[in-house]
Structures are given as C-alpha cells and as structure tokens.
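Before any comments, here is the structure.
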Amino acid sequence: MATSNKVAEDKVAAVEEITTKLRNSNAAVVTSYVGLSVAQLQELRRSLGENAQYRVVKNTLTQIAAKQAGVELDEHLEGSTAVAFVTGDPVEAAKGLRDFAKNNPALVIKGGVLEGKALSADEIKKLADLESREVLLAKLAGAMKAKPSQAAAVFQALPSKFVRTAEALRAKRAEQGGAE
C-alpha cells in the first residue's frame with residue numbers, strides 16, 4: 001500500500017514539475033527520440049545550450065500538465081516523447097534541434113508551443129530558419145543608429161547648401177550689377 005502512495009506522489013510531483021516548466025518556458029518543443037543512444041541524448045542536451053532543458057516525459061502526465069498550464073500538446077504526445085523546455089531564445093533552441101535532427105534522423109520534431117500558441121513541426125522548422133534574437137536586435141540597433149546619422153547629414157547639408165546658394169545668388173547679382 002505504501003508503494004502505491006509513493007508512486008502516486010511521484011506522479012503528482014512529476015505533473016507539477018512539468019506544469020511549472022511549461023508555464024515558465026517561452027516555448028516547448030515536443031520530439032520523438034526513439035533510436036537515440038544515451039550519448040546522443042547528452043550531445044543533444046549540450047547542443048541546446050543553457051536556455052533549454054531537454055527532458056524525456058510520460059505522455060499521460062504531460063497531457064495533464066499541459067492542461068493545467070493552459071497549452072495544447074495532446075496531438076504531439078504519442079509514442080516515446082521528450083520535450084525541450086526553452087526559457088531563452090526559441091530560435092536558438094529550434095536551430096539546435098533542427099541541426100541535431102539533420103545529423104541524427106532518429107530525432108523527430110513533432111510540434112510544440114511558442115508563448116502559448118500551438119506550433120506544428122513545420123512551423124518549428126521555419127522558426128529555426130529565422131535569425132536569432134541577438135542578430136535581429138543588432139540589426140535593429142544598426143538601423144536606428146544609421147537613421148539619426150543620416151538625418152544629421154541631411155540637416156548639416158541644408159545650411160551649407162543654403163550658404164552656397166546664397167553665395168551663388170550674391171555673385172550672380174554682383175555680376176549682373178557690374179555688367180549693367
């Protein structure tokens with residue numbers, strides 16, 4: 001009897017942990033990992049970086065946790081399942097999964113969620129094709145820096161152009177005045 005209580009407590013704890021991870025994650029990517037060795041799973045975990053945690057999960061417990069977290073994952077929870085819980089840049093994690101899957105076809109991306117919105121496997125692959133958040137921010141900063149400097153150049157050009165135009169008019173008048 002005590003053993004069944006322990007099992008039930010473990011399941012409740014597992015559901016609570018998965019629910020917390022789903023709530024605290026920017027994204028969660030559901031995968032099938034059948035055929036990957038322990039060494040390959042460790043390599044995958046390393047390739048995801050510090051902002052993602054890859055966990056093998058039980059489908060029924062994850063279904064319960066997903067409902068509690070308010071996300072829809074049921075259609076992806078079949079067969080052997082592992083989830084990458086992403087707390088950082090979802091693009092970086094999607095790239096890591098995609099690149100690992102290219103070299104290890106046993107890893108299959110089933111789908112997932114991004115900020116509460118359900119994503120198909122194809123949408124996650126498209127997400128992986130985006131540039132990382134840092135690259136996009138750097139481009140935005142460059143564009144923002146370029147615009148003020150371009151505006152400053154225009155504003156500096158206006159007075160100097162005005163001075164040149166005024167000087168040309170003065171010279172023309174002097175020329176016309178001298179010719180009369």
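FYI, nothing fancy with the structure tokens labels: chains A, B, ... in order, residues from 1 per chain, ligands from 1 as they appear.
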(request) Quick one: everything within 12 Å of Ala65 of chain A, counting only C-alpha atoms, minus sequence neighbours fewer than 6 positions away in the same chain. Send it as an MDAnalysis selection string. (result) chainID A and resid 11:23 57:59 71:74 77
Store the residues of this selection in a file with N, CA, C and O atoms, as a PDB file, in the first residue's frame.
```
ATOM      1  N   LYS A  11       4.015  10.742  -9.253  1.00  0.00           N
ATOM      2  CA  LYS A  11       3.293  11.203 -10.446  1.00  0.00           C
ATOM      3  C   LYS A  11       2.782  12.627 -10.249  1.00  0.00           C
ATOM      4  O   LYS A  11       2.878  13.451 -11.164  1.00  0.00           O
ATOM      5  N   VAL A  12       2.253  12.918  -9.079  1.00  0.00           N
ATOM      6  CA  VAL A  12       1.768  14.270  -8.780  1.00  0.00           C
ATOM      7  C   VAL A  12       2.934  15.262  -8.867  1.00  0.00           C
ATOM      8  O   VAL A  12       2.810  16.342  -9.447  1.00  0.00           O
ATOM      9  N   ALA A  13       4.073  14.879  -8.303  1.00  0.00           N
ATOM     10  CA  ALA A  13       5.258  15.738  -8.345  1.00  0.00           C
ATOM     11  C   ALA A  13       5.729  15.950  -9.788  1.00  0.00           C
ATOM     12  O   ALA A  13       6.111  17.062 -10.169  1.00  0.00           O
ATOM     13  N   ALA A  14       5.689  14.895 -10.585  1.00  0.00           N
ATOM     14  CA  ALA A  14       6.108  15.000 -11.984  1.00  0.00           C
ATOM     15  C   ALA A  14       5.175  15.938 -12.752  1.00  0.00           C
ATOM     16  O   ALA A  14       5.639  16.776 -13.540  1.00  0.00           O
ATOM     17  N   VAL A  15       3.878  15.825 -12.536  1.00  0.00           N
ATOM     18  CA  VAL A  15       2.906  16.712 -13.202  1.00  0.00           C
ATOM     19  C   VAL A  15       3.157  18.160 -12.792  1.00  0.00           C
ATOM     20  O   VAL A  15       3.169  19.066 -13.630  1.00  0.00           O
ATOM     21  N   GLU A  16       3.386  18.378 -11.495  1.00  0.00           N
ATOM     22  CA  GLU A  16       3.649  19.738 -11.015  1.00  0.00           C
ATOM     23  C   GLU A  16       4.918  20.306 -11.649  1.00  0.00           C
ATOM     24  O   GLU A  16       4.956  21.474 -12.048  1.00  0.00           O
ATOM     25  N   GLU A  17       5.950  19.475 -11.752  1.00  0.00           N
ATOM     26  CA  GLU A  17       7.215  19.928 -12.342  1.00  0.00           C
ATOM     27  C   GLU A  17       7.036  20.284 -13.826  1.00  0.00           C
ATOM     28  O   GLU A  17       7.502  21.328 -14.288  1.00  0.00           O
ATOM     29  N   ILE A  18       6.353  19.433 -14.565  1.00  0.00           N
ATOM     30  CA  ILE A  18       6.133  19.699 -15.997  1.00  0.00           C
ATOM     31  C   ILE A  18       5.248  20.930 -16.174  1.00  0.00           C
ATOM     32  O   ILE A  18       5.507  21.769 -17.042  1.00  0.00           O
ATOM     33  N   THR A  19       4.227  21.060 -15.348  1.00  0.00           N
ATOM     34  CA  THR A  19       3.345  22.231 -15.410  1.00  0.00           C
ATOM     35  C   THR A  19       4.153  23.506 -15.184  1.00  0.00           C
ATOM     36  O   THR A  19       4.022  24.483 -15.934  1.00  0.00           O
ATOM     37  N   THR A  20       5.010  23.502 -14.177  1.00  0.00           N
ATOM     38  CA  THR A  20       5.853  24.659 -13.874  1.00  0.00           C
ATOM     39  C   THR A  20       6.778  24.970 -15.050  1.00  0.00           C
ATOM     40  O   THR A  20       6.929  26.130 -15.444  1.00  0.00           O
ATOM     41  N   LYS A  21       7.393  23.932 -15.612  1.00  0.00           N
ATOM     42  CA  LYS A  21       8.298  24.138 -16.752  1.00  0.00           C
ATOM     43  C   LYS A  21       7.542  24.726 -17.946  1.00  0.00           C
ATOM     44  O   LYS A  21       8.042  25.624 -18.619  1.00  0.00           O
ATOM     45  N   LEU A  22       6.337  24.234 -18.204  1.00  0.00           N
ATOM     46  CA  LEU A  22       5.544  24.764 -19.321  1.00  0.00           C
ATOM     47  C   LEU A  22       5.160  26.226 -19.075  1.00  0.00           C
ATOM     48  O   LEU A  22       5.195  27.043 -19.993  1.00  0.00           O
ATOM     49  N   ARG A  23       4.792  26.542 -17.856  1.00  0.00           N
ATOM     50  CA  ARG A  23       4.399  27.927 -17.533  1.00  0.00           C
ATOM     51  C   ARG A  23       5.584  28.882 -17.592  1.00  0.00           C
ATOM     52  O   ARG A  23       5.425  30.041 -17.963  1.00  0.00           O
ATOM     53  N   VAL A  57       9.641  12.573 -21.131  1.00  0.00           N
ATOM     54  CA  VAL A  57       8.421  12.714 -20.319  1.00  0.00           C
ATOM     55  C   VAL A  57       7.450  11.578 -20.610  1.00  0.00           C
ATOM     56  O   VAL A  57       7.518  10.940 -21.652  1.00  0.00           O
ATOM     57  N   LYS A  58       6.547  11.366 -19.668  1.00  0.00           N
ATOM     58  CA  LYS A  58       5.454  10.417 -19.862  1.00  0.00           C
ATOM     59  C   LYS A  58       4.285  11.180 -20.476  1.00  0.00           C
ATOM     60  O   LYS A  58       3.926  12.260 -20.014  1.00  0.00           O
ATOM     61  N   ASN A  59       3.706  10.614 -21.531  1.00  0.00           N
ATOM     62  CA  ASN A  59       2.649  11.299 -22.267  1.00  0.00           C
ATOM     63  C   ASN A  59       1.438  11.659 -21.407  1.00  0.00           C
ATOM     64  O   ASN A  59       0.940  12.778 -21.464  1.00  0.00           O
ATOM     65  N   VAL A  71      -1.872  24.981 -22.166  1.00  0.00           N
ATOM     66  CA  VAL A  71      -1.308  24.827 -23.509  1.00  0.00           C
ATOM     67  C   VAL A  71      -1.818  23.530 -24.128  1.00  0.00           C
ATOM     68  O   VAL A  71      -2.168  22.593 -23.425  1.00  0.00           O
ATOM     69  N   GLU A  72      -1.841  23.485 -25.441  1.00  0.00           N
ATOM     70  CA  GLU A  72      -2.367  22.343 -26.181  1.00  0.00           C
ATOM     71  C   GLU A  72      -1.211  21.546 -26.791  1.00  0.00           C
ATOM     72  O   GLU A  72      -0.549  22.016 -27.715  1.00  0.00           O
ATOM     73  N   LEU A  73      -0.976  20.348 -26.246  1.00  0.00           N
ATOM     74  CA  LEU A  73       0.079  19.483 -26.767  1.00  0.00           C
ATOM     75  C   LEU A  73      -0.414  18.083 -27.109  1.00  0.00           C
ATOM     76  O   LEU A  73       0.350  17.265 -27.607  1.00  0.00           O
ATOM     77  N   ASP A  74      -1.683  17.786 -26.830  1.00  0.00           N
ATOM     78  CA  ASP A  74      -2.205  16.418 -26.944  1.00  0.00           C
ATOM     79  C   ASP A  74      -1.863  15.729 -28.266  1.00  0.00           C
ATOM     80  O   ASP A  74      -1.490  14.563 -28.274  1.00  0.00           O
ATOM     81  N   LEU A  77       1.606  14.140 -28.323  1.00  0.00           N
ATOM     82  CA  LEU A  77       2.014  13.245 -27.243  1.00  0.00           C
ATOM     83  C   LEU A  77       1.630  11.796 -27.540  1.00  0.00           C
ATOM     84  O   LEU A  77       0.741  11.220 -26.929  1.00  0.00           O
TER      85      LEU A  77
END
```
(request) Identify, with DSSP run on backbone atoms, the residues in segment 42-120 of chain A assigned to strand (DSSP E or B), and express the list as an NGL selection string. (result) :A and (52-57 or 81-86 or 108-114 or 117-120)
(message) Can you pull out the residues contacting segment 49-55 of chain A? Cut-off 7 Å, using only C-alpha atoms, and skip same-chain residues under 2 positions away; I want them as a PyMOL selection string.
(response) chain A and resi 45-47+57+82-88+93
(request) Calculate how many Å separate atom CA of Ala121 of chain A from atom CA of Thr60 of chain A, rounding to one decimal. (result) 20.7 Å
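Minimum distance to Leu61 of chain A across A:Leu97, A:Ala8, A:Ala27, A:Val113 (counting only C-alpha atoms) occurs at A:Ala8.
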